[in-house]
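Data from structure_3.csv: CSV, C-alpha atoms
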chain,number,residue,atom,x,y,z
A,120,SER,CA,54.8,140.7,113.9
A,121,ALA,CA,55.2,140.0,110.2
A,122,SER,CA,58.9,139.2,110.8
A,123,PHE,CA,58.1,136.5,113.3
A,124,PRO,CA,57.4,133.6,110.8
A,125,ARG,CA,60.6,134.6,109.0
A,126,ARG,CA,62.7,134.3,112.2
A,127,VAL,CA,61.1,130.9,113.0
A,128,ALA,CA,61.7,129.7,109.4
A,129,SER,CA,65.3,130.9,109.6
A,130,ARG,CA,65.9,129.1,112.9
A,131,ARG,CA,64.4,125.9,111.4
A,132,ALA,CA,66.6,126.2,108.3
A,133,ARG,CA,69.7,126.6,110.5
A,134,ALA,CA,68.6,123.6,112.5
A,135,ARG,CA,68.4,121.2,109.6
A,136,PRO,CA,72.1,120.8,109.0
A,137,ARG,CA,72.5,119.9,112.6
A,138,VAL,CA,69.9,117.2,112.3
A,139,ALA,CA,71.5,115.9,109.1
A,140,THR,CA,74.9,115.9,110.8
A,141,THR,CA,73.5,114.0,113.8
A,142,ARG,CA,72.1,111.4,111.5
A,143,ALA,CA,75.3,111.1,109.6
A,144,ARG,CA,77.2,110.6,112.8
A,145,LYS,CA,74.7,108.0,114.0
A,146,SER,CA,75.0,106.1,110.7
A,147,MET,CA,78.8,105.9,111.2
A,148,SER,CA,78.4,104.6,114.8
A,149,THR,CA,79.8,101.1,114.1
A,150,PHE,CA,82.9,102.3,112.3
A,151,ARG,CA,83.5,105.1,114.8
A,152,ALA,CA,83.0,102.9,117.9
A,153,THR,CA,85.2,100.1,116.7
A,154,SER,CA,89.0,100.0,116.8
A,155,ALA,CA,91.0,99.2,113.7
A,156,GLU,CA,92.2,95.9,115.3
A,157,ARG,CA,88.8,94.9,116.5
A,158,GLY,CA,87.4,95.6,113.0
A,159,THR,CA,89.6,92.8,111.6
A,160,THR,CA,88.0,90.3,114.0
A,161,LEU,CA,84.3,91.2,113.3
A,162,THR,CA,82.1,88.8,111.3
A,163,GLY,CA,78.6,88.7,109.9
A,164,ASP,CA,76.4,91.8,109.9
A,165,ALA,CA,78.8,93.7,112.3
A,166,LYS,CA,81.7,93.3,109.8
A,167,LEU,CA,79.5,94.2,106.9
A,168,GLU,CA,78.4,97.4,108.6
A,169,PHE,CA,81.9,98.3,109.7
A,170,VAL,CA,83.4,97.8,106.2
A,171,SER,CA,80.5,99.6,104.5
A,172,GLN,CA,80.9,102.6,106.7
A,173,LEU,CA,84.7,102.6,106.4
A,174,PHE,CA,84.6,102.8,102.6
A,175,ASP,CA,81.8,105.3,102.7
A,176,VAL,CA,84.2,107.6,104.6
A,177,VAL,CA,87.3,107.1,102.3
A,178,ALA,CA,85.6,106.7,98.9
A,179,HIS,CA,86.3,110.2,97.6
A,180,ARG,CA,90.1,109.8,98.1
A,181,TYR,CA,90.5,106.0,97.9
A,182,ASP,CA,92.1,105.7,94.5
A,183,ALA,CA,94.5,108.6,95.1
A,184,VAL,CA,95.7,107.2,98.4
A,185,ASN,CA,96.2,103.8,96.9
A,186,ALA,CA,98.3,105.2,94.1
A,187,VAL,CA,100.6,106.9,96.6
A,188,LEU,CA,100.8,104.0,99.1
A,189,ALA,CA,101.3,101.2,96.6
A,190,LEU,CA,103.6,103.2,94.3
A,191,GLY,CA,101.4,102.2,91.3
A,192,PHE,CA,101.7,98.5,91.9
A,193,VAL,CA,98.0,97.9,92.8
A,194,ASP,CA,96.8,99.1,89.4
A,195,ARG,CA,99.7,97.3,87.6
A,196,TRP,CA,98.9,93.9,89.3
A,197,ARG,CA,95.2,94.4,88.6
A,198,ARG,CA,95.8,95.0,84.9
A,199,LYS,CA,98.2,92.1,84.6
A,200,ALA,CA,95.8,89.6,86.2
A,201,LEU,CA,92.8,90.7,84.2
A,202,SER,CA,94.6,90.6,80.9
A,203,ALA,CA,96.1,87.2,81.5
A,204,GLY,CA,96.4,85.1,78.3
A,205,LEU,CA,95.2,88.0,76.2
A,206,VAL,CA,98.3,90.2,75.8
A,207,ALA,CA,101.9,89.4,75.4
A,208,THR,CA,103.8,90.1,78.7
A,209,PHE,CA,107.3,89.4,79.8
A,210,ALA,CA,106.0,87.3,82.7
A,211,PRO,CA,102.5,85.9,82.0
A,212,ALA,CA,100.2,86.0,85.1
A,213,PHE,CA,99.3,82.3,84.8
A,214,ALA,CA,101.0,79.2,83.5
A,215,ARG,CA,100.1,77.8,80.0
A,216,GLY,CA,98.8,81.3,79.0
A,217,ARG,CA,95.4,80.7,80.6
A,218,ARG,CA,92.8,83.2,79.6
A,219,VAL,CA,90.5,84.9,82.1
A,220,PHE,CA,88.0,86.3,79.6
A,221,ARG,CA,86.7,85.5,76.2
A,222,ARG,CA,84.9,87.8,73.8
A,223,GLY,CA,81.3,88.6,74.8
A,224,ASP,CA,81.7,87.2,78.3
A,225,SER,CA,79.4,88.3,81.1
A,226,VAL,CA,81.4,89.4,84.2
A,227,LEU,CA,80.6,90.0,87.8
A,228,ASP,CA,83.0,92.1,89.8
A,229,VAL,CA,82.4,91.5,93.5
A,230,GLY,CA,83.6,94.3,95.8
A,231,CYS,CA,84.0,96.5,92.8
A,232,GLY,CA,84.9,99.7,94.8
A,233,THR,CA,85.3,102.7,92.5
A,234,GLY,CA,84.9,100.6,89.3
A,235,ASN,CA,88.5,100.1,88.2
A,236,VAL,CA,87.8,96.6,86.9
A,237,THR,CA,84.7,97.7,84.9
A,238,ARG,CA,86.6,100.6,83.4
A,239,PHE,CA,89.6,98.5,82.4
A,240,LEU,CA,87.4,95.8,80.8
A,241,GLU,CA,84.7,97.8,79.2
A,242,TYR,CA,86.2,101.2,78.4
A,243,GLU,CA,90.0,100.9,78.3
A,244,ALA,CA,92.5,98.3,77.3
A,245,MET,CA,90.1,95.4,76.9
A,246,ASN,CA,87.1,97.1,75.4
A,247,TYR,CA,87.6,95.1,72.2
A,248,LEU,CA,86.3,92.0,73.9
A,249,ALA,CA,82.8,93.6,74.3
A,250,LEU,CA,82.4,92.3,77.9
A,251,ASP,CA,79.3,92.9,79.9
A,252,VAL,CA,80.4,93.8,83.4
A,253,VAL,CA,78.3,94.2,86.6
A,254,GLY,CA,79.9,95.7,89.7
A,255,VAL,CA,78.7,95.0,93.2
A,256,ASP,CA,79.9,96.7,96.4
A,257,CYS,CA,78.6,97.1,99.9
A,258,SER,CA,79.5,100.8,100.1
A,259,LYS,CA,77.0,103.2,98.5
A,260,ASN,CA,79.7,106.0,98.4
A,261,MET,CA,82.1,103.7,96.5
A,262,ILE,CA,79.3,102.9,94.0
A,263,GLU,CA,78.5,106.6,93.6
A,264,GLU,CA,82.2,107.3,93.0
A,265,ALA,CA,82.3,104.4,90.4
A,266,ARG,CA,79.4,105.9,88.6
A,267,ARG,CA,81.0,109.3,88.6
A,268,LEU,CA,84.3,108.0,87.2
A,269,THR,CA,82.9,105.6,84.6
A,270,PRO,CA,81.6,106.8,81.2
A,271,GLY,CA,78.5,105.5,79.6
A,272,GLU,CA,75.9,103.3,81.3
A,273,ALA,CA,78.0,101.1,83.5
A,274,LYS,CA,76.2,98.6,85.7
A,275,TYR,CA,76.9,99.2,89.4
A,276,GLU,CA,74.8,98.3,92.4
A,277,VAL,CA,75.0,98.2,96.2
A,278,GLY,CA,74.9,94.6,97.5
A,279,ASN,CA,76.1,92.1,100.0
A,280,ALA,CA,78.8,89.8,98.6
A,281,GLY,CA,77.7,87.0,100.9
A,282,LYS,CA,74.1,87.2,99.5
A,283,LEU,CA,74.3,87.9,95.8
A,284,ARG,CA,70.9,88.5,94.2
A,285,PHE,CA,71.8,86.8,91.0
A,286,ALA,CA,70.5,83.4,89.8
A,287,ASP,CA,72.7,80.4,89.6
A,288,ALA,CA,75.1,80.2,86.7
A,289,SER,CA,74.6,83.9,85.6
A,290,PHE,CA,78.1,84.9,84.7
A,291,ASP,CA,80.9,83.5,82.5
A,292,CYS,CA,83.5,85.0,84.9
A,293,VAL,CA,83.4,86.2,88.5
A,294,THR,CA,86.2,88.4,89.8
A,295,THR,CA,87.2,90.1,93.0
A,296,CYS,CA,90.2,92.3,93.5
A,297,TYR,CA,91.7,93.4,96.9
A,298,THR,CA,88.6,92.5,98.8
A,299,LEU,CA,88.7,89.1,100.6
A,300,ARG,CA,89.7,90.4,104.0
A,301,ASN,CA,86.9,92.9,103.9
A,302,PHE,CA,84.1,90.4,103.4
A,303,SER,CA,81.9,89.7,106.4
A,304,ASP,CA,82.0,85.9,105.6
A,305,VAL,CA,84.7,84.8,103.3
A,306,PRO,CA,83.6,81.1,102.8
A,307,GLU,CA,80.0,82.2,102.1
A,308,THR,CA,81.2,84.8,99.6
A,309,LEU,CA,83.4,82.3,97.8
A,310,ARG,CA,80.4,80.0,97.7
A,311,GLU,CA,78.2,82.7,96.3
A,312,MET,CA,80.8,83.6,93.6
A,313,PHE,CA,81.0,79.9,92.7
A,314,ARG,CA,77.2,79.6,92.6
A,315,VAL,CA,76.6,82.5,90.2
A,316,CYS,CA,79.5,81.4,87.9
A,317,LYS,CA,78.5,79.4,84.8
A,318,PRO,CA,79.8,75.8,84.3
A,319,ASN,CA,83.2,76.0,82.6
A,320,GLY,CA,83.3,79.6,83.8
A,321,THR,CA,86.3,81.3,85.5
A,322,LEU,CA,86.8,82.7,89.0
A,323,LEU,CA,89.6,85.2,89.4
A,324,ILE,CA,90.8,86.5,92.8
A,325,LEU,CA,93.5,89.1,93.1
A,326,ASP,CA,94.5,90.3,96.5
A,327,ALA,CA,97.2,91.4,98.9
A,328,PHE,CA,98.3,88.6,101.3
A,329,PRO,CA,100.3,88.4,104.5
A,330,PRO,CA,104.0,89.1,103.5
A,331,THR,CA,106.6,86.6,104.4
A,332,GLY,CA,110.4,86.5,104.6
A,333,ILE,CA,113.0,89.2,105.3
A,334,PHE,CA,111.4,91.6,102.8
A,335,GLY,CA,108.1,90.7,104.3
A,336,ALA,CA,109.3,92.3,107.6
A,337,VAL,CA,109.8,95.6,105.7
A,338,LEU,CA,106.4,95.4,104.2
A,339,ARG,CA,104.8,94.8,107.6
A,340,LEU,CA,106.5,98.0,108.9
A,341,TRP,CA,105.0,99.8,105.9
A,342,LEU,CA,101.5,98.4,106.7
A,343,ARG,CA,101.7,99.2,110.4
A,344,PHE,CA,103.2,102.7,110.3
A,345,VAL,CA,103.4,104.3,106.9
A,346,LEU,CA,100.0,103.2,105.5
A,347,PRO,CA,98.0,104.7,108.5
A,348,LEU,CA,100.1,107.9,108.5
A,349,VAL,CA,99.8,108.6,104.8
A,350,GLY,CA,96.1,107.7,104.9
A,351,ALA,CA,95.6,110.1,107.7
A,352,LEU,CA,97.4,112.9,106.0
A,353,MET,CA,95.5,112.5,102.8
A,354,THR,CA,92.0,111.7,104.2
A,355,GLY,CA,92.0,112.5,107.9
A,356,GLU,CA,91.0,108.9,108.5
A,357,LYS,CA,93.9,107.2,110.2
A,358,LYS,CA,91.8,104.3,111.6
A,359,ALA,CA,90.5,103.3,108.2
A,360,TYR,CA,94.0,102.8,106.9
A,361,ALA,CA,95.2,101.2,110.2
A,362,TYR,CA,92.4,98.6,109.6
A,363,LEU,CA,93.4,98.0,106.0
A,364,GLY,CA,97.0,97.4,106.9
A,365,THR,CA,96.2,95.1,109.8
A,366,SER,CA,93.6,93.2,107.7
A,367,ILE,CA,96.3,92.3,105.1
A,368,GLU,CA,98.6,90.9,107.9
A,369,ARG,CA,95.7,88.8,109.2
A,370,ALA,CA,94.3,87.7,105.8
A,371,ARG,CA,94.1,84.1,104.6
A,372,THR,CA,97.1,82.8,102.6
A,373,PRO,CA,96.7,82.2,98.8
A,374,ARG,CA,97.0,78.4,99.5
A,375,GLU,CA,94.1,78.6,102.0
A,376,VAL,CA,91.9,80.4,99.5
A,377,ALA,CA,92.8,77.9,96.8
A,378,ASP,CA,91.9,75.1,99.2
A,379,GLU,CA,88.5,76.7,99.9
A,380,LEU,CA,87.8,76.9,96.2
A,381,GLU,CA,88.8,73.3,95.6
A,382,ALA,CA,86.5,72.3,98.5
A,383,LEU,CA,83.6,74.0,96.6
A,384,GLY,CA,84.4,71.9,93.6
A,385,ALA,CA,86.5,74.2,91.6
A,386,GLU,CA,89.0,72.7,89.2
A,387,ALA,CA,92.4,73.8,87.7
A,388,VAL,CA,93.0,76.1,90.6
A,389,GLU,CA,96.3,78.0,90.1
A,390,ILE,CA,98.1,80.5,92.2
A,391,SER,CA,100.4,83.2,90.6
A,392,ALA,CA,102.6,85.3,92.8
A,393,LEU,CA,102.7,88.8,91.4
A,394,PHE,CA,105.1,90.3,94.0
A,395,PRO,CA,108.0,88.7,96.0
A,396,PHE,CA,107.4,87.2,99.5
A,397,GLY,CA,103.7,86.6,98.9
A,398,ALA,CA,102.7,90.2,99.1
A,399,ALA,CA,100.3,90.0,96.2
A,400,SER,CA,98.9,87.0,94.3
A,401,ALA,CA,96.3,86.1,91.8
A,402,ILE,CA,94.2,82.9,92.0
A,403,ILE,CA,92.4,81.5,89.0
A,404,ALA,CA,89.9,78.6,89.0
A,405,ARG,CA,87.4,76.9,86.8
A,406,LYS,CA,83.9,75.7,87.6
A,407,PRO,CA,83.4,72.3,86.1
A,408,PHE,CA,80.5,71.5,83.7
A,409,ASP,CA,78.7,69.6,86.5
A,410,GLY,CA,79.8,72.1,89.1
A,411,SER,CA,77.5,73.2,91.9
A,412,SER,CA,78.1,74.8,95.2
A,413,LYS,CA,78.7,72.3,97.9
Would you mind writing the file out in structure tokens?
Amino acid sequence: SASFPRRVASRRARARPRVATTRARKSMSTFRATSAERGTTLTGDAKLEFVSQLFDVVAHRYDAVNAVLALGFVDRWRRKALSAGLVATFAPAFARGRRVFRRGDSVLDVGCGTGNVTRFLEYEAMNYLALDVVGVDCSKNMIEEARRLTPGEAKYEVGNAGKLRFADASFDCVTTCYTLRNFSDVPETLREMFRVCKPNGTLLILDAFPPTGIFGAVLRLWLRFVLPLVGALMTGEKKAYAYLGTSIERARTPREVADELEALGAEAVEISALFPFGAASAIIARKPFDGSSK
């Protein structure tokens, strides 16, 4: 019958989405099979796979959820830390008006997510500095979202923060914002950031850290209950946001991160608390002229 090939083709066409869906589910196997709490204890390739898949899932709504959950503070802290020493603020991010960037600097943003740092530096408030920014992230969907949101020919690429492809001393400044707890190997990532930073260059780390004190108890309740609930309502992915909340509670302290940078040979390491009870801090450090990764 002449219609037979058409019926076969039609059945094959209908089957293709099922194959694609099966492959998509298989590609999410590590994230789907791992609990939020277990995800915070993973290391190495397993952690890299878990985190990559998690952010692939939430990439399309990530910034919107952050804006609701953090009441705008996440973006405010990021802008304050990045503009340190360059704009007049009531409370400078760092003592002595230390500057993070200078005109024409090359910048590497590790764990760039949806490209907020690149847009702020190259296209928004600090575009007058003519900075050259490269963003690296382990999630291909976050990179795709960054490219969609960023005008022009911004430089984004998928990569492993613990194995950066760049040569030694490639960048004047290396930044990472709200990422440390998601790296598969934090000491190795810090070592890589230090390695690709030029002598006399700057490292800037901005992150959420384990809250302390009485108000810290309130923040912990927010992380454990409100964050997963709102995340689930806005994205349908409760586990992703349960992991993010738990990961903040179990993160290194700012002092521990500073100690690790000093062990690598970093100088003038300074911690600036951006929110009470240690909930958010920025850490700035300089690579000495004779600096090399230890």
Next on the checklist: Residues near range 273-282 of chain A, anyone? I mean within 10 Å using all atoms listed in the file, not counting same-chain ones fewer than 3 positions away, as an MDAnalysis selection string.
Outcome noted: chainID A and resid 163:164 167 171 227:234 237:238 241:242 251:263 265:266 269:270 285 302:312
Next on the checklist: If we count only C-alpha atoms and set the cut-off at 9 Å, which residues sit around range 188-195 of chain A, ignoring sequence neighbours fewer than 2 positions away in its own chain? Please answer as a list in words.
Outcome noted: Ala183, Val184, Asn185, Ala186, Arg197, Arg198, Lys199, Ala200, Asn235, Tyr297, Ala327, Val345, Leu346, Val349, Gly350 and Ala399 of chain A
Item to check | Length of the CA of Phe220 in chain A to CA of Ala203 in chain A vector [Å] | outcome: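 Atom-to-atom, CA of Phe220 in chain A to CA of Ala203 in chain A, that is 8.4 Å.
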Within 7 Å of range 370-381 of chain A, which residues of range 251-341 of chain A show up? Give each one with its shortest atom-to-atom distance in Å (one decimal) and the two atoms involved, counting all atoms listed in the file, rows by chain then rising residue number, as JSON lines.
{"residue": "A:Arg300", "atom": "CA", "partner": "A:Ala370", "partner_atom": "CA", "distance": 5.6}
{"residue": "A:Phe328", "atom": "CA", "partner": "A:Thr372", "partner_atom": "CA", "distance": 6.1}
{"residue": "A:Pro329", "atom": "CA", "partner": "A:Ala370", "partner_atom": "CA", "distance": 6.2}
Checklist entry - For the atom pair CA of Asp287 in chain A and CA of Val236 in chain A, what is the interatomic distance in Å to one decimal place? => result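 Rounded to one decimal, the two atoms are 22.3 Å apart.
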Next on the checklist: Using all atoms listed in the file and a cutoff of 8 Å, can you tell me which residues are near (77.5, 97.5, 114.6) in the file's coordinates, and write them out as a list in words?
Outcome noted: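 Result, sorted by chain then residue number: Ser148, Thr149, Phe150, Asp164, Ala165, Lys166, Glu168 and Phe169 of chain A.
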Next on the checklist: What does the structure give for the distance between CA of Asp409 in chain A and CA of Cys292 in chain A, in Å to one decimal?
Outcome noted: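 According to the coordinates, CA of Asp409 in chain A and CA of Cys292 in chain A are separated by 16.2 Å.
Nearest to Ala336 in chain A of all the residues A:Ala398, A:Ala382, A:Ala351, A:Leu283 is A:Ala398, counting all atoms listed in the file.
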Incomplete range 312-323 of chain A brought to all heavy atoms, written out as a compact mmCIF listing (two decimals), in the coordinates of the input:
# COMPACT_ATOMS: atom_id res chain seq x y z
N MET A 312 80.12 83.33 94.90
CA MET A 312 80.80 83.60 93.60
C MET A 312 80.81 82.31 92.77
O MET A 312 80.59 82.38 91.56
CB MET A 312 82.25 84.02 93.92
CG MET A 312 82.37 85.40 94.53
SD MET A 312 84.07 85.83 95.03
CE MET A 312 84.92 85.78 93.46
N PHE A 313 81.04 81.17 93.40
CA PHE A 313 81.00 79.90 92.70
C PHE A 313 79.64 79.58 92.16
O PHE A 313 79.47 79.10 91.03
CB PHE A 313 81.53 78.79 93.62
CG PHE A 313 81.84 77.49 92.94
CD1 PHE A 313 83.00 77.32 92.20
CD2 PHE A 313 80.96 76.41 93.04
CE1 PHE A 313 83.29 76.12 91.57
CE2 PHE A 313 81.25 75.21 92.42
CZ PHE A 313 82.41 75.06 91.68
N ARG A 314 78.62 79.88 92.97
CA ARG A 314 77.20 79.60 92.60
C ARG A 314 76.81 80.36 91.35
O ARG A 314 76.17 79.80 90.44
CB ARG A 314 76.30 79.93 93.76
CG ARG A 314 74.81 79.73 93.45
CD ARG A 314 73.93 80.17 94.60
NE ARG A 314 73.98 81.61 94.84
CZ ARG A 314 73.32 82.52 94.11
NH1 ARG A 314 72.56 82.13 93.08
NH2 ARG A 314 73.39 83.81 94.41
N VAL A 315 77.13 81.66 91.29
CA VAL A 315 76.60 82.50 90.20
C VAL A 315 77.52 82.34 88.93
O VAL A 315 77.18 82.88 87.87
CB VAL A 315 76.53 83.96 90.57
CG1 VAL A 315 75.60 84.13 91.76
CG2 VAL A 315 77.90 84.57 90.87
N CYS A 316 78.63 81.63 89.04
CA CYS A 316 79.50 81.40 87.90
C CYS A 316 78.93 80.25 87.03
O CYS A 316 78.44 79.24 87.56
CB CYS A 316 80.90 81.02 88.37
SG CYS A 316 82.13 80.86 87.06
N LYS A 317 78.98 80.41 85.72
CA LYS A 317 78.50 79.40 84.80
C LYS A 317 79.41 78.16 84.81
O LYS A 317 80.62 78.30 85.04
CB LYS A 317 78.36 79.92 83.40
CG LYS A 317 77.32 81.00 83.21
CD LYS A 317 77.30 81.48 81.77
CE LYS A 317 76.28 82.59 81.56
NZ LYS A 317 76.28 83.08 80.15
N PRO A 318 78.88 76.97 84.53
CA PRO A 318 79.80 75.80 84.30
C PRO A 318 80.79 76.11 83.23
O PRO A 318 80.47 76.72 82.22
CB PRO A 318 78.77 74.72 83.89
CG PRO A 318 77.48 75.11 84.54
CD PRO A 318 77.45 76.62 84.46
N ASN A 319 82.01 75.71 83.48
CA ASN A 319 83.20 76.00 82.60
C ASN A 319 83.56 77.47 82.67
O ASN A 319 84.38 77.91 81.89
CB ASN A 319 82.93 75.56 81.18
CG ASN A 319 84.24 75.31 80.45
OD1 ASN A 319 85.18 74.75 81.02
ND2 ASN A 319 84.32 75.73 79.20
N GLY A 320 82.97 78.22 83.61
CA GLY A 320 83.30 79.60 83.80
C GLY A 320 84.56 79.76 84.67
O GLY A 320 85.07 78.78 85.23
N THR A 321 85.01 80.99 84.81
CA THR A 321 86.30 81.30 85.50
C THR A 321 86.03 82.14 86.74
O THR A 321 85.22 83.07 86.71
CB THR A 321 87.24 82.00 84.57
OG1 THR A 321 87.49 81.19 83.43
CG2 THR A 321 88.56 82.31 85.27
N LEU A 322 86.75 81.83 87.81
CA LEU A 322 86.80 82.70 89.00
C LEU A 322 88.21 83.25 89.08
O LEU A 322 89.19 82.50 88.97
CB LEU A 322 86.47 81.92 90.26
CG LEU A 322 85.00 81.47 90.41
CD1 LEU A 322 84.83 80.05 89.88
CD2 LEU A 322 84.54 81.54 91.85
N LEU A 323 88.32 84.56 89.28
CA LEU A 323 89.60 85.20 89.40
C LEU A 323 89.64 86.03 90.70
O LEU A 323 88.78 86.88 90.91
CB LEU A 323 89.89 86.12 88.22
CG LEU A 323 91.13 87.00 88.34
CD1 LEU A 323 92.41 86.15 88.32
CD2 LEU A 323 91.18 88.05 87.24
